[in-house]
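Report on one structure; see the data block that follows.
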Amino acid sequence: MTERTLILVKPDGVARGLVGEVLRRIERKGYKLVALDLRQIDRATAERHYAEHHDKAFFSDLVDFITSGPLVAGVVEGDDVIVAWRTMMGATNPVSAAPGTIRGDLATQMQLNVAHGSDSVLSAQREIGIFFPDL
Ligand code: UDP
Ligand code: MG
């Protein structure tokens with residue numbers, strides 16, 4: 001089924017010059033970019049985006065990190081792209097992310113794991129609404 005997902009190249013990925021690498025994988029896979037923007041988000045936006053993690057011990061560090069510099073936000077469209085993009089990113093913890101995945105190939109630390117992807121149709125709708133309310 002054709003779906004849309006929010007993707008982020010997080011501030012660590014932008015700072016390391018990995019935007020092209022991440023977008024290259026999306027385009028080569030065959031997905032379509034329908035929105036793309038380099039921006040720095042404020043704390044209120046970050047707290048909305050990561051609301052599900054509000055009570056976790058890592059929440060404030062995560063908000064510090066995601067607001068620490070510019071990120072690239074995008075909306076990607078394609079067949080079953082929500083699950084497929086998460087497969088392409090690999091496990092949240094780069095230590096256990098499979099080789100060949102973004103996190104498996106490009107990251108070493110849990111927080112600094114380069115990319116984000118929505119985890120369900122509902123999350124995708126919610127997150128796209130936060131980053132691209134006009135879509
Ligand atoms: N994160 C962290 N410490 C943790 C778990 C997560 O710093 O113990 C960060 C990490 O950057 C992760 C983000 O919080 O990508 C959101 O966590 P989630 O469990 O939603 O992982 P994701 O959906 O990004 O794979
Ligand atoms: Mg998540």
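Letters A, B, ... mark the chains of the structure tokens in the order given; residue numbers begin at 1 per chain; ligand numbers begin at 1, in order shown.
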All residues having an atom within 9 Å of ligand 2 (only C-alpha atoms and all ligand atoms) as an NGL selection string: :A and (50 or 52-53 or 92 or 116-119 or 123)
Between chain A and ligand 1, at 12 Å or less, what are the per-residue closest atom pairs and their distances in Å? Count only C-alpha atoms and all ligand atoms, order by chain and rising residue number, and return it as a Markdown table.
| residue | atom | partner | partner_atom_place_in_ligand_line | distance |
| --- | --- | --- | --- | --- |
| A:Leu6 | CA | ligand 1 | 23 (O) | 11.3 |
| A:Ile7 | CA | ligand 1 | 24 (O) | 10.2 |
| A:Leu8 | CA | ligand 1 | 24 (O) | 9.7 |
| A:Val9 | CA | ligand 1 | 15 (O) | 10.9 |
| A:Lys10 | CA | ligand 1 | 11 (O) | 8.5 |
| A:Pro11 | CA | ligand 1 | 11 (O) | 10.4 |
| A:Asp12 | CA | ligand 1 | 11 (O) | 10.0 |
| A:Gly13 | CA | ligand 1 | 11 (O) | 11.4 |
| A:Ala46 | CA | ligand 1 | 16 (C) | 11.1 |
| A:Glu47 | CA | ligand 1 | 16 (C) | 11.5 |
| A:His49 | CA | ligand 1 | 16 (C) | 9.8 |
| A:Tyr50 | CA | ligand 1 | 16 (C) | 7.1 |
| A:Ala51 | CA | ligand 1 | 20 (O) | 9.9 |
| A:Glu52 | CA | ligand 1 | 20 (O) | 8.0 |
| A:His53 | CA | ligand 1 | 20 (O) | 7.4 |
| A:His54 | CA | ligand 1 | 16 (C) | 10.7 |
| A:Asp55 | CA | ligand 1 | 5 (C) | 11.9 |
| A:Lys56 | CA | ligand 1 | 8 (O) | 8.2 |
| A:Ala57 | CA | ligand 1 | 8 (O) | 7.9 |
| A:Phe58 | CA | ligand 1 | 3 (N) | 5.4 |
| A:Phe59 | CA | ligand 1 | 14 (O) | 7.5 |
| A:Ser60 | CA | ligand 1 | 7 (O) | 9.4 |
| A:Asp61 | CA | ligand 1 | 7 (O) | 7.1 |
| A:Leu62 | CA | ligand 1 | 7 (O) | 5.6 |
| A:Val63 | CA | ligand 1 | 14 (O) | 8.9 |
| A:Asp64 | CA | ligand 1 | 7 (O) | 10.4 |
| A:Phe65 | CA | ligand 1 | 11 (O) | 8.5 |
| A:Ile66 | CA | ligand 1 | 11 (O) | 8.4 |
| A:Ile82 | CA | ligand 1 | 23 (O) | 11.2 |
| A:Val83 | CA | ligand 1 | 23 (O) | 11.2 |
| A:Trp85 | CA | ligand 1 | 25 (O) | 10.7 |
| A:Arg86 | CA | ligand 1 | 25 (O) | 7.5 |
| A:Thr87 | CA | ligand 1 | 25 (O) | 10.0 |
| A:Met88 | CA | ligand 1 | 25 (O) | 11.2 |
| A:Met89 | CA | ligand 1 | 25 (O) | 8.1 |
| A:Gly90 | CA | ligand 1 | 25 (O) | 7.9 |
| A:Ala91 | CA | ligand 1 | 25 (O) | 6.2 |
| A:Thr92 | CA | ligand 1 | 25 (O) | 3.9 |
| A:Asn93 | CA | ligand 1 | 10 (C) | 7.5 |
| A:Pro94 | CA | ligand 1 | 15 (O) | 9.6 |
| A:Ser96 | CA | ligand 1 | 25 (O) | 11.8 |
| A:Ala97 | CA | ligand 1 | 25 (O) | 10.2 |
| A:Ile102 | CA | ligand 1 | 25 (O) | 11.5 |
| A:Arg103 | CA | ligand 1 | 25 (O) | 9.6 |
| A:Ala107 | CA | ligand 1 | 11 (O) | 10.8 |
| A:Thr108 | CA | ligand 1 | 11 (O) | 11.3 |
| A:Gln109 | CA | ligand 1 | 7 (O) | 8.3 |
| A:Met110 | CA | ligand 1 | 2 (C) | 5.3 |
| A:Gln111 | CA | ligand 1 | 7 (O) | 3.6 |
| A:Leu112 | CA | ligand 1 | 11 (O) | 5.7 |
| A:Asn113 | CA | ligand 1 | 11 (O) | 5.6 |
| A:Val114 | CA | ligand 1 | 11 (O) | 7.8 |
| A:Ala115 | CA | ligand 1 | 15 (O) | 7.2 |
| A:His116 | CA | ligand 1 | 24 (O) | 5.2 |
| A:Gly117 | CA | ligand 1 | 23 (O) | 6.4 |
| A:Ser118 | CA | ligand 1 | 23 (O) | 6.8 |
| A:Asp119 | CA | ligand 1 | 23 (O) | 6.3 |
| A:Ser120 | CA | ligand 1 | 23 (O) | 10.0 |
| A:Ser123 | CA | ligand 1 | 23 (O) | 10.3 |
| A:Ala124 | CA | ligand 1 | 23 (O) | 11.5 |
Would you save the residues from that selection as a short mmCIF file (atom, residue, chain, number, x, y, z; two decimals), in the first residue's frame, using C-alpha atoms?
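Resulting contents of part_7.cif:
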data_model
loop_
_atom_site.label_atom_id
_atom_site.label_comp_id
_atom_site.auth_asym_id
_atom_site.auth_seq_id
_atom_site.Cartn_x
_atom_site.Cartn_y
_atom_site.Cartn_z
CA LEU A 6 8.40 11.39 8.14
CA ILE A 7 12.14 11.01 7.81
CA LEU A 8 14.80 13.00 9.64
CA VAL A 9 18.51 13.24 9.15
CA LYS A 10 19.24 14.15 12.75
CA PRO A 11 21.72 16.89 13.76
CA ASP A 12 24.56 14.36 14.09
CA GLY A 13 23.98 13.21 10.51
CA ALA A 46 10.96 18.53 19.71
CA GLU A 47 8.85 17.76 22.79
CA HIS A 49 7.61 15.12 18.15
CA TYR A 50 8.98 12.87 20.90
CA ALA A 51 5.92 13.11 23.18
CA GLU A 52 5.69 9.32 23.55
CA HIS A 53 9.06 9.42 25.33
CA HIS A 54 8.11 12.20 27.77
CA ASP A 55 8.54 10.03 30.86
CA LYS A 56 11.73 8.28 29.81
CA ALA A 57 15.05 9.00 31.51
CA PHE A 58 16.63 9.95 28.17
CA PHE A 59 13.92 12.48 27.21
CA SER A 60 15.64 15.76 28.13
CA ASP A 61 18.97 14.62 26.62
CA LEU A 62 17.08 13.65 23.47
CA VAL A 63 15.40 17.06 23.24
CA ASP A 64 18.79 18.77 23.84
CA PHE A 65 20.31 16.72 21.04
CA ILE A 66 17.56 17.05 18.43
CA ILE A 82 6.89 3.01 6.95
CA VAL A 83 8.16 -0.47 7.79
CA TRP A 85 12.31 2.75 5.99
CA ARG A 86 12.67 1.45 9.54
CA THR A 87 14.29 -1.68 8.09
CA MET A 88 16.66 0.51 6.07
CA MET A 89 17.58 2.52 9.20
CA GLY A 90 18.21 -0.60 11.30
CA ALA A 91 17.75 -1.11 15.02
CA THR A 92 17.56 1.96 17.27
CA ASN A 93 20.84 0.99 18.94
CA PRO A 94 23.62 1.07 16.33
CA SER A 96 22.88 -4.15 17.24
CA ALA A 97 21.83 -2.56 13.91
CA ILE A 102 22.04 3.29 8.02
CA ARG A 103 22.58 2.90 11.74
CA ALA A 107 26.63 5.10 13.75
CA THR A 108 28.02 3.80 17.04
CA GLN A 109 25.87 5.39 19.77
CA MET A 110 22.19 5.05 20.70
CA GLN A 111 21.41 8.77 20.73
CA LEU A 112 23.55 9.71 17.72
CA ASN A 113 21.87 7.28 15.34
CA VAL A 114 21.66 9.56 12.27
CA ALA A 115 18.08 9.02 11.14
CA HIS A 116 14.45 8.97 12.23
CA GLY A 117 11.41 7.30 10.76
CA SER A 118 7.80 7.15 11.87
CA ASP A 119 6.84 3.81 13.42
CA SER A 120 3.19 3.47 12.28
CA SER A 123 2.69 8.22 13.98
CA ALA A 124 3.45 9.18 10.39
#
Non-local contacts of A:Phe132 (9 Å; only C-alpha atoms; under 2 positions in same chain excluded) as a list in words: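 Surrounding residues, per the criterion: Ala35, Ala73, Gly74, Val75, Glu127, Ile128, Gly129, Ile130, Asp134 and Leu135 of chain A.
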Give the answer as one residue: which of A:Asp80, A:Ala98, A:Leu33, A:Thr5 has the shortest atom-to-atom distance to A:Phe131, using only C-alpha atoms?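 So, comparing all the options, the nearest one is A:Thr5.
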